[in-house]
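Novice: Got run32.csv for you, CSV, C-alpha atoms:
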chain,number,residue,atom,x,y,z
A,1,MET,CA,0.0,0.0,0.0
A,2,SER,CA,1.0,3.6,-0.4
A,3,SER,CA,1.3,3.9,3.4
A,4,GLY,CA,3.4,0.7,3.7
A,5,HIS,CA,2.5,-1.2,6.9
A,6,ALA,CA,1.2,2.0,8.6
A,7,ASN,CA,-2.2,2.0,10.4
A,8,PRO,CA,-3.8,5.4,9.8
A,9,ILE,CA,-6.9,4.5,11.8
A,10,LYS,CA,-4.8,4.0,14.9
A,11,ALA,CA,-3.3,7.4,14.5
A,12,ILE,CA,-6.7,9.0,13.9
A,13,LEU,CA,-8.3,7.4,16.9
A,14,LEU,CA,-5.4,8.3,19.1
A,15,ALA,CA,-5.6,11.9,17.9
A,16,LEU,CA,-9.4,12.0,18.3
A,17,GLY,CA,-9.2,10.9,22.0
A,18,ALA,CA,-6.4,13.3,22.7
A,19,ASN,CA,-8.1,16.3,21.1
A,20,PHE,CA,-11.4,15.7,22.8
A,21,ALA,CA,-9.7,15.6,26.2
A,22,ILE,CA,-7.7,18.7,25.4
A,23,PHE,CA,-10.8,20.5,24.1
A,24,VAL,CA,-12.7,20.0,27.3
A,25,ALA,CA,-9.7,21.2,29.4
A,26,LYS,CA,-9.1,24.2,27.2
A,27,LEU,CA,-12.7,25.3,27.1
A,28,VAL,CA,-13.0,25.3,30.9
A,29,ALA,CA,-9.7,27.2,31.2
A,30,ALA,CA,-10.6,29.7,28.5
A,31,MET,CA,-14.0,30.6,30.2
A,32,VAL,CA,-12.3,31.0,33.6
A,33,THR,CA,-9.2,32.9,32.4
A,34,GLY,CA,-10.6,34.9,29.5
A,35,SER,CA,-7.6,34.1,27.4
A,36,GLY,CA,-8.0,34.6,23.7
A,37,ALA,CA,-5.0,32.3,22.9
A,38,MET,CA,-6.7,29.6,25.1
A,39,MET,CA,-10.0,30.0,23.3
A,40,ALA,CA,-8.3,29.8,20.0
A,41,GLU,CA,-6.7,26.6,21.0
A,42,ALA,CA,-10.0,25.2,22.3
A,43,VAL,CA,-11.7,25.9,19.0
A,44,HIS,CA,-8.7,24.3,17.2
A,45,SER,CA,-9.1,21.1,19.3
A,46,LEU,CA,-12.8,20.9,18.7
A,47,ALA,CA,-12.3,21.4,14.9
A,48,ASP,CA,-9.7,18.6,15.0
A,49,CYS,CA,-12.2,16.3,16.6
A,50,GLY,CA,-14.7,17.0,13.8
A,51,ASN,CA,-12.0,16.6,11.2
A,52,GLN,CA,-10.9,13.2,12.5
A,53,GLY,CA,-14.6,12.1,12.4
A,54,LEU,CA,-14.6,13.1,8.7
A,55,LEU,CA,-11.5,11.1,8.0
A,56,LEU,CA,-13.0,8.0,9.7
A,57,LEU,CA,-16.1,8.5,7.5
A,58,GLY,CA,-13.9,8.7,4.4
A,59,ILE,CA,-12.1,5.5,5.3
A,60,ARG,CA,-15.4,3.8,5.8
A,61,GLN,CA,-16.5,4.9,2.3
A,62,THR,CA,-13.4,3.5,0.7
A,63,LYS,CA,-14.6,0.0,1.7
A,64,ARG,CA,-17.7,0.3,-0.5
A,65,PRO,CA,-17.5,-2.3,-3.3
A,66,PRO,CA,-17.2,-1.3,-7.0
A,67,SER,CA,-20.4,-1.0,-9.0
A,68,ASP,CA,-21.5,-0.2,-12.6
A,69,GLU,CA,-21.8,3.4,-11.6
A,70,PHE,CA,-18.4,3.4,-9.7
A,71,PRO,CA,-16.4,0.7,-11.5
A,72,LEU,CA,-13.2,1.6,-9.7
A,73,GLY,CA,-14.7,1.7,-6.3
A,74,TRP,CA,-14.9,4.6,-3.7
A,75,GLY,CA,-11.2,4.8,-2.8
A,76,ARG,CA,-10.8,8.4,-3.9
A,77,ALA,CA,-13.6,9.5,-1.7
A,78,LEU,CA,-11.0,9.7,1.1
A,79,TYR,CA,-9.3,12.5,-0.8
A,80,PHE,CA,-12.5,14.6,-0.8
A,81,TRP,CA,-12.9,14.3,3.0
A,82,SER,CA,-9.2,15.0,3.5
A,83,PHE,CA,-9.5,18.2,1.3
A,84,LEU,CA,-12.5,19.2,3.3
A,85,VAL,CA,-10.6,18.8,6.5
A,86,ALA,CA,-7.9,21.1,5.1
A,87,ILE,CA,-10.5,23.7,4.3
A,88,LEU,CA,-12.0,23.5,7.8
A,89,LEU,CA,-8.5,23.7,9.4
A,90,PHE,CA,-8.0,26.9,7.4
A,91,SER,CA,-11.3,28.5,8.1
A,92,VAL,CA,-12.6,27.2,11.5
A,93,GLY,CA,-9.1,27.0,13.0
A,94,GLY,CA,-6.9,29.6,11.3
A,95,MET,CA,-9.3,32.3,10.4
A,96,PHE,CA,-11.2,32.2,13.7
A,97,SER,CA,-7.9,32.4,15.6
A,98,ILE,CA,-6.8,35.4,13.7
A,99,TYR,CA,-10.2,37.1,14.2
A,100,GLU,CA,-10.0,36.3,18.0
A,101,GLY,CA,-6.5,37.8,18.1
A,102,VAL,CA,-7.5,41.0,16.3
A,103,HIS,CA,-10.5,41.3,18.7
A,104,LYS,CA,-8.2,41.0,21.7
A,105,LEU,CA,-5.9,43.7,20.2
A,106,THR,CA,-8.8,46.1,19.9
A,107,HIS,CA,-10.6,45.1,23.0
A,108,PRO,CA,-8.1,43.8,25.5
A,109,GLU,CA,-9.4,42.0,28.5
A,110,PRO,CA,-7.4,41.0,31.7
A,111,LEU,CA,-6.5,37.4,32.2
A,112,LYS,CA,-8.2,35.4,34.9
A,113,TRP,CA,-6.4,32.5,36.6
A,114,PRO,CA,-3.4,32.5,34.3
A,115,TRP,CA,-1.8,29.6,36.2
A,116,LEU,CA,-4.8,27.5,35.4
A,117,ALA,CA,-4.4,28.3,31.8
A,118,LEU,CA,-0.7,27.3,31.9
A,119,GLY,CA,-1.6,24.1,33.7
A,120,VAL,CA,-4.1,23.2,31.0
A,121,LEU,CA,-1.6,24.0,28.3
A,122,VAL,CA,1.0,21.8,29.9
A,123,PHE,CA,-1.6,19.0,30.1
A,124,GLY,CA,-2.4,19.6,26.4
A,125,ILE,CA,1.3,19.5,25.4
A,126,VAL,CA,1.7,16.2,27.2
A,127,VAL,CA,-1.4,14.6,25.7
A,128,GLU,CA,-0.8,16.0,22.2
A,129,GLY,CA,2.8,14.9,22.4
A,130,ILE,CA,1.6,11.3,23.0
A,131,SER,CA,-0.7,11.6,20.0
A,132,MET,CA,2.1,13.0,17.9
A,133,ARG,CA,4.4,10.2,19.0
A,134,GLY,CA,1.8,7.7,17.9
A,135,CYS,CA,1.3,9.4,14.6
A,136,LEU,CA,5.1,9.5,14.0
A,137,GLN,CA,5.3,5.8,14.6
A,138,GLU,CA,2.9,5.2,11.8
A,139,VAL,CA,4.6,7.8,9.6
A,140,ASN,CA,7.9,6.1,10.1
A,141,LYS,CA,6.5,2.8,9.1
A,142,ALA,CA,5.3,4.4,5.8
A,143,ARG,CA,8.3,6.6,5.0
A,144,GLY,CA,11.1,4.0,5.4
A,145,GLU,CA,14.3,5.8,4.6
A,146,GLN,CA,12.7,9.0,3.4
A,147,ASN,CA,13.0,12.2,5.3
A,148,LEU,CA,9.8,13.7,6.7
A,149,TRP,CA,9.6,16.4,4.0
A,150,THR,CA,10.0,14.0,1.1
A,151,TRP,CA,7.4,11.7,2.7
A,152,PHE,CA,5.0,14.7,3.1
A,153,ARG,CA,5.4,15.6,-0.6
A,154,GLU,CA,5.2,12.0,-2.0
A,155,THR,CA,2.9,10.1,0.3
A,156,ARG,CA,-0.4,8.9,-1.1
A,157,SER,CA,-2.0,8.3,2.3
A,158,SER,CA,-4.0,11.5,2.6
A,159,GLU,CA,-5.5,10.6,6.0
A,160,LEU,CA,-2.1,10.0,7.6
A,161,LEU,CA,-0.9,13.3,5.9
A,162,VAL,CA,-3.8,15.2,7.5
A,163,ILE,CA,-3.3,13.7,11.0
A,164,PHE,CA,0.4,14.5,10.9
A,165,GLY,CA,-0.3,18.1,9.9
A,166,GLU,CA,-3.0,18.5,12.5
A,167,ASP,CA,-0.9,17.0,15.3
A,168,LEU,CA,2.1,19.1,14.4
A,169,ALA,CA,0.1,22.3,14.3
A,170,ALA,CA,-1.6,21.5,17.5
A,171,LEU,CA,1.6,20.8,19.4
A,172,ILE,CA,3.3,24.0,18.1
A,173,GLY,CA,0.1,25.9,18.8
A,174,LEU,CA,0.0,24.8,22.4
A,175,CYS,CA,3.6,25.9,22.8
A,176,LEU,CA,2.8,29.3,21.3
A,177,ALA,CA,-0.2,29.7,23.6
A,178,ALA,CA,1.9,28.8,26.6
A,179,VAL,CA,4.6,31.4,25.6
A,180,ALA,CA,1.9,34.0,25.0
A,181,ILE,CA,0.3,33.6,28.4
A,182,GLY,CA,3.6,33.3,30.1
A,183,ALA,CA,4.8,36.6,28.6
A,184,THR,CA,1.5,38.3,29.6
A,185,MET,CA,1.9,37.1,33.2
A,186,LEU,CA,5.5,38.3,33.4
A,187,THR,CA,4.9,41.7,31.7
A,188,GLY,CA,1.3,42.4,32.3
A,189,ASN,CA,1.0,43.4,28.7
A,190,LEU,CA,-2.1,41.8,27.2
A,191,MET,CA,-0.8,42.3,23.6
A,192,PHE,CA,1.3,39.2,24.1
A,193,ASP,CA,-1.9,37.1,24.5
A,194,ALA,CA,-3.4,38.7,21.3
A,195,ALA,CA,-0.1,38.2,19.4
A,196,GLY,CA,-0.1,34.5,20.5
A,197,THR,CA,-3.6,34.0,19.2
A,198,ILE,CA,-2.8,35.6,15.8
A,199,ALA,CA,0.4,33.5,15.6
A,200,ILE,CA,-1.6,30.3,16.2
A,201,GLY,CA,-4.1,31.3,13.4
A,202,ALA,CA,-1.2,32.0,11.0
A,203,LEU,CA,0.3,28.6,11.8
A,204,LEU,CA,-3.0,26.8,11.2
A,205,ILE,CA,-3.4,28.5,7.8
A,206,VAL,CA,0.1,27.6,6.7
A,207,VAL,CA,-0.4,23.9,7.6
A,208,ALA,CA,-3.8,23.9,6.0
A,209,VAL,CA,-2.5,25.3,2.8
A,210,LEU,CA,0.4,22.8,2.6
A,211,VAL,CA,-2.0,19.9,3.3
A,212,ALA,CA,-4.5,21.1,0.8
A,213,ILE,CA,-1.8,21.4,-2.0
A,214,GLU,CA,-0.8,17.8,-1.5
A,215,VAL,CA,-4.4,16.5,-1.3
A,216,LYS,CA,-5.4,18.5,-4.4
A,217,ALA,CA,-2.8,16.6,-6.4
A,218,LEU,CA,-4.4,13.3,-5.2
A,219,LEU,CA,-7.9,14.6,-6.2
A,220,ILE,CA,-6.6,15.4,-9.7
A,221,GLY,CA,-5.2,11.9,-10.0
A,222,GLN,CA,-1.7,11.0,-8.9
A,223,GLY,CA,0.1,7.7,-9.7
A,224,MET,CA,1.6,5.6,-7.0
A,225,GLU,CA,4.6,6.9,-5.1
A,226,PRO,CA,7.7,7.4,-7.3
A,227,ARG,CA,9.8,4.9,-5.3
A,228,ARG,CA,6.9,2.3,-5.5
A,229,ARG,CA,6.6,2.9,-9.3
A,230,ASP,CA,10.3,2.4,-9.8
A,231,GLU,CA,10.0,-0.9,-7.8
A,232,LEU,CA,7.1,-2.0,-10.0
A,233,MET,CA,8.9,-1.1,-13.2
A,234,GLY,CA,11.9,-3.1,-12.0
A,235,PHE,CA,9.7,-6.0,-11.1
A,236,LEU,CA,8.1,-6.1,-14.5
A,237,LYS,CA,11.4,-5.8,-16.4
A,238,SER,CA,12.8,-8.7,-14.3
A,239,ARG,CA,10.0,-11.1,-15.3
A,240,PRO,CA,11.2,-13.8,-17.8
A,241,GLU,CA,7.9,-13.5,-19.7
A,242,VAL,CA,8.5,-9.8,-20.4
A,243,ALA,CA,11.0,-8.7,-23.1
A,244,ASP,CA,10.5,-4.9,-22.5
A,245,VAL,CA,8.1,-2.6,-20.7
A,246,LEU,CA,6.9,0.0,-23.2
A,247,ASN,CA,4.6,2.0,-20.9
A,248,LEU,CA,3.4,1.9,-17.3
A,249,ILE,CA,0.5,4.0,-16.0
A,250,THR,CA,-0.5,3.9,-12.4
A,251,LEU,CA,-3.3,5.7,-10.6
A,252,GLN,CA,-3.7,5.9,-6.8
A,253,MET,CA,-7.3,5.2,-5.8
A,254,GLY,CA,-7.2,5.8,-2.0
A,255,PRO,CA,-5.7,2.7,-0.4
A,256,ASP,CA,-5.7,0.8,-3.8
A,257,VAL,CA,-3.9,1.2,-7.1
A,258,MET,CA,-4.9,0.8,-10.7
A,259,VAL,CA,-2.1,-0.3,-13.1
A,260,ALA,CA,-2.1,-0.3,-16.9
A,261,VAL,CA,0.9,-2.0,-18.6
A,262,LYS,CA,2.0,-2.1,-22.2
A,263,ALA,CA,4.8,-4.6,-22.8
A,264,ARG,CA,6.6,-6.5,-25.5
A,265,MET,CA,6.3,-10.1,-24.4
A,266,GLN,CA,8.8,-12.9,-25.1
A,267,PRO,CA,7.9,-15.0,-28.2
A,268,THR,CA,5.4,-17.8,-27.5
A,269,ALA,CA,4.0,-20.7,-29.5
A,270,GLY,CA,0.6,-19.1,-29.8
A,271,ASN,CA,-2.2,-17.0,-28.3
A,272,PRO,CA,-3.0,-19.4,-25.5
A,273,GLU,CA,0.6,-19.4,-24.3
A,274,LEU,CA,0.7,-15.5,-24.6
A,275,ILE,CA,-2.4,-15.2,-22.5
A,276,ALA,CA,-1.0,-17.6,-19.9
A,277,ALA,CA,2.2,-15.6,-19.7
A,278,ILE,CA,0.3,-12.4,-19.2
A,279,ASN,CA,-1.9,-14.0,-16.5
A,280,THR,CA,1.2,-15.3,-14.7
A,281,VAL,CA,2.9,-11.8,-14.7
A,282,GLU,CA,-0.3,-10.2,-13.4
A,283,ALA,CA,-0.8,-12.7,-10.6
A,284,ALA,CA,2.9,-12.3,-9.5
A,285,MET,CA,2.6,-8.5,-9.7
A,286,LYS,CA,-0.5,-8.5,-7.5
A,287,ALA,CA,1.1,-10.9,-5.0
A,288,GLU,CA,4.2,-8.7,-4.8
A,289,PHE,CA,2.3,-5.4,-4.7
A,290,THR,CA,-0.7,-6.1,-2.6
A,291,ASP,CA,-2.2,-2.6,-3.1
A,292,ILE,CA,-2.8,-3.2,-6.8
A,293,ARG,CA,-6.5,-3.9,-7.1
A,294,TRP,CA,-7.0,-3.4,-10.9
A,295,SER,CA,-4.5,-4.2,-13.7
A,296,PHE,CA,-4.8,-3.9,-17.4
A,297,PHE,CA,-2.1,-5.6,-19.5
A,298,GLU,CA,-1.6,-5.0,-23.2
A,299,PRO,CA,1.0,-6.9,-25.2
A,300,ASP,CA,2.4,-4.8,-28.1
A,301,ASN,CA,5.6,-4.2,-30.1
A,302,ALA,CA,5.7,-0.5,-29.7
A,303,ASP,CA,4.2,2.2,-27.5
Hey, can you dump this file as structure tokens for me?
Specialist:
Amino acid sequence: MSSGHANPIKAILLALGANFAIFVAKLVAAMVTGSGAMMAEAVHSLADCGNQGLLLLGIRQTKRPPSDEFPLGWGRALYFWSFLVAILLFSVGGMFSIYEGVHKLTHPEPLKWPWLALGVLVFGIVVEGISMRGCLQEVNKARGEQNLWTWFRETRSSELLVIFGEDLAALIGLCLAAVAIGATMLTGNLMFDAAGTIAIGALLIVVAVLVAIEVKALLIGQGMEPRRRDELMGFLKSRPEVADVLNLITLQMGPDVMVAVKARMQPTAGNPELIAAINTVEAAMKAEFTDIRWSFFEPDNAD
């Protein structure tokens, strides 16, 4: 699969539990302290809970069987929900946080119980750190020897991509909120709280845009990961039944892959032997690359 042996559902459920616990704690603290940065973080955590629910819905839809109306199944439905999550992260998370920060700049309000706010943030950092660690474990299974940026640009697992972006933004956002409230406590200047809120909003917007760019490519129709395509090409060329691979087209369909191969086959005694050779190659290909669900094989002498 495009995500190797990673388990995106595990990362999603872990993030969902963490974000709901953090949301409750932040909301209580925001109402008591009046912190704009804390309220922005509470909204962010609530939005993350809804986003993870959408990802779970998308994963469920990918399991729908193919039909005459959807002959290649529902795998790409996951990209729609992932793109929607990116939009929500941009609007509900980022834009709301910036609005709240600007409001605090123009209508500053004193903080109440700042130590409570810091305590909740420390709790949130610990819980979100646990969630981030679980997500990174799944990402590491998928990326192999790739660095994180290369994996981010090339992965075809949109749900894992979204969870990674959300967890990263949440963890950094919590740290920004802690710094903002800490600076406000030390200086008495409420502008630090407002600035922290705006910084959180800007962070969410940047992450949302980066995630949306990657998911947009999947929506348009990307092939399998470049390293996986190279492996597939090498596998086909190594088959004794294949003289040369003339063309190879792949298309990522959520967790599954469609493959179209045009190849020059080794000479055979007749059509039955040629068909048997093609069937052998296709069976071996699907056994080696278990995410290939559909394959179309065309023997030819030229592309």
Novice: Find the spatial neighbours of Trp294 of chain A, counting only C-alpha atoms, within a cut-off of 7 Å - ignore same-chain residues fewer than 2 positions away - and output them as a list in words.
Specialist: Val257, Met258, Val259, Ile292 and Phe296 of chain A
Novice: When you look at Arg133 of chain A with a cut-off of 12 Å (counting only C-alpha atoms), what residues show up, excluding the ones that are within fewer than 3 positions of it in the same chain? I need them as a PyMOL selection string.
Specialist: chain A and resi 10-11+14-15+18+125-130+136-140+163-164+167-168+171
Novice: Of the candidates A:Leu111, A:Val207, A:Val162, A:Val215, which shows the shortest atom-to-atom distance to Met191 of chain A, using all atoms listed in the file?
Specialist: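 For Met191 of chain A, the nearest of the given residues is A:Leu111.
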Novice: Report as a Markdown table the residues of segment 229-299 of chain A within 8 Å of segment 155-160 of chain A, each with its shortest atom pair and distance in Å (one decimal), using all atoms listed in the file, ordered by chain and increasing residue number.
Specialist:
| residue | atom | partner | partner_atom | distance |
| --- | --- | --- | --- | --- |
| A:Gln252 | CA | A:Arg156 | CA | 7.2 |
| A:Gly254 | CA | A:Ser157 | CA | 7.2 |
| A:Pro255 | CA | A:Ser157 | CA | 7.2 |
Novice: Distance atom CA of Glu241 of chain A-atom CA of Glu298 of chain A, one decimal place?
Specialist: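 So the answer is 13.2 Å.
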Novice: Give me, as number ranges by chain, all polymer residues having an atom no more than 12 Å from Thr184 of chain A, counting all atoms listed in the file and skipping those fewer than 3 positions away in the same chain.
Specialist: A: 35-37, 108-112, 114-115, 117-118, 177-181, 187-196
Novice: Please build the interface table for segment 50-113 of chain A against segment 218-237 of chain A with a cut-off of 10 Å, listing for each qualifying residue the nearest atom pair and the distance in Å to one decimal; count all atoms listed in the file, order rows by chain and increasing number, and write it as a Markdown table.
Specialist:
| residue | atom | partner | partner_atom | distance |
| --- | --- | --- | --- | --- |
| A:Arg76 | CA | A:Leu219 | CA | 7.2 |
| A:Ala77 | CA | A:Leu219 | CA | 8.9 |
| A:Leu78 | CA | A:Leu219 | CA | 9.3 |
| A:Tyr79 | CA | A:Leu219 | CA | 6.0 |
| A:Phe80 | CA | A:Leu219 | CA | 7.1 |
| A:Ser82 | CA | A:Leu219 | CA | 9.8 |
| A:Phe83 | CA | A:Leu219 | CA | 8.5 |
Novice: Between A:Leu56, A:Leu16, A:Leu204, A:Leu116, which has the minimum distance to Ala30 of chain A (counting all atoms listed in the file)?
Specialist: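 Of A:Leu56, A:Leu16, A:Leu204, A:Leu116, the one nearest Ala30 of chain A is A:Leu116, counting all atoms listed in the file.
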Novice: Which value, in Å to one decimal, gives the distance between atom CA of Val102 of chain A and atom CA of Thr197 of chain A?
Specialist: 8.5 Å
Novice: Grab the atom CA of Glu166 of chain A to atom CA of Tyr99 of chain A distance for me, in Å with one decimal place.
Specialist: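 According to the coordinates, atom CA of Glu166 of chain A and atom CA of Tyr99 of chain A are separated by 20.0 Å.
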Novice: How would segment 172-203 of chain A look written as a compact mmCIF listing (two decimals), in the first residue's frame with N, CA and C atoms?
Specialist:
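Wrote selection.txt, looks like this:
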# COMPACT_ATOMS: atom_id res chain seq x y z
N ILE A 172 2.65 22.67 18.18
CA ILE A 172 3.31 23.97 18.11
C ILE A 172 2.38 25.07 18.63
N GLY A 173 1.08 24.96 18.30
CA GLY A 173 0.12 25.95 18.76
C GLY A 173 0.01 25.99 20.27
N LEU A 174 0.04 24.85 20.90
CA LEU A 174 0.00 24.79 22.36
C LEU A 174 1.22 25.49 22.96
N CYS A 175 2.37 25.27 22.35
CA CYS A 175 3.59 25.91 22.85
C CYS A 175 3.51 27.43 22.67
N LEU A 176 2.97 27.87 21.53
CA LEU A 176 2.80 29.30 21.30
C LEU A 176 1.85 29.92 22.32
N ALA A 177 0.76 29.21 22.61
CA ALA A 177 -0.20 29.72 23.60
C ALA A 177 0.44 29.81 24.97
N ALA A 178 1.26 28.83 25.34
CA ALA A 178 1.93 28.85 26.64
C ALA A 178 2.90 30.03 26.73
N VAL A 179 3.65 30.25 25.64
CA VAL A 179 4.59 31.38 25.62
C VAL A 179 3.82 32.70 25.73
N ALA A 180 2.68 32.80 25.00
CA ALA A 180 1.90 34.04 25.01
C ALA A 180 1.36 34.35 26.40
N ILE A 181 0.80 33.33 27.05
CA ILE A 181 0.25 33.56 28.39
C ILE A 181 1.37 33.81 29.40
N GLY A 182 2.48 33.09 29.25
CA GLY A 182 3.61 33.31 30.15
C GLY A 182 4.15 34.72 30.03
N ALA A 183 4.28 35.22 28.80
CA ALA A 183 4.78 36.59 28.60
C ALA A 183 3.80 37.61 29.16
N THR A 184 2.51 37.34 29.02
CA THR A 184 1.51 38.25 29.57
C THR A 184 1.58 38.29 31.09
N MET A 185 1.79 37.16 31.72
CA MET A 185 1.90 37.08 33.17
C MET A 185 3.13 37.85 33.67
N LEU A 186 4.25 37.72 32.94
CA LEU A 186 5.49 38.35 33.38
C LEU A 186 5.48 39.86 33.18
N THR A 187 4.88 40.31 32.09
CA THR A 187 4.95 41.73 31.74
C THR A 187 3.66 42.50 32.05
N GLY A 188 2.55 41.78 32.16
CA GLY A 188 1.27 42.45 32.34
C GLY A 188 0.72 43.05 31.07
N ASN A 189 1.42 42.83 29.95
CA ASN A 189 1.01 43.38 28.66
C ASN A 189 0.10 42.37 27.94
N LEU A 190 -1.17 42.73 27.77
CA LEU A 190 -2.13 41.83 27.15
C LEU A 190 -1.91 41.65 25.65
N MET A 191 -1.04 42.47 25.07
CA MET A 191 -0.76 42.33 23.65
C MET A 191 -0.07 41.00 23.34
N PHE A 192 0.65 40.45 24.30
CA PHE A 192 1.30 39.16 24.07
C PHE A 192 0.26 38.06 23.87
N ASP A 193 -0.82 38.11 24.64
CA ASP A 193 -1.89 37.12 24.49
C ASP A 193 -2.52 37.23 23.11
N ALA A 194 -2.79 38.47 22.67
CA ALA A 194 -3.37 38.67 21.35
C ALA A 194 -2.43 38.23 20.24
N ALA A 195 -1.14 38.56 20.41
CA ALA A 195 -0.15 38.17 19.40
C ALA A 195 -0.04 36.65 19.31
N GLY A 196 -0.12 35.97 20.46
CA GLY A 196 -0.07 34.51 20.46
C GLY A 196 -1.25 33.92 19.71
N THR A 197 -2.42 34.52 19.90
CA THR A 197 -3.62 34.04 19.21
C THR A 197 -3.47 34.19 17.70
N ILE A 198 -2.97 35.34 17.26
CA ILE A 198 -2.77 35.56 15.82
C ILE A 198 -1.72 34.61 15.26
N ALA A 199 -0.65 34.37 16.02
CA ALA A 199 0.40 33.45 15.57
C ALA A 199 -0.15 32.04 15.40
N ILE A 200 -1.02 31.62 16.31
CA ILE A 200 -1.64 30.30 16.19
C ILE A 200 -2.48 30.23 14.91
N GLY A 201 -3.25 31.29 14.64
CA GLY A 201 -4.05 31.32 13.43
C GLY A 201 -3.20 31.24 12.17
N ALA A 202 -2.10 31.98 12.16
CA ALA A 202 -1.21 31.95 10.99
C ALA A 202 -0.61 30.57 10.80
N LEU A 203 -0.24 29.93 11.90
CA LEU A 203 0.31 28.58 11.84
C LEU A 203 -0.70 27.61 11.22
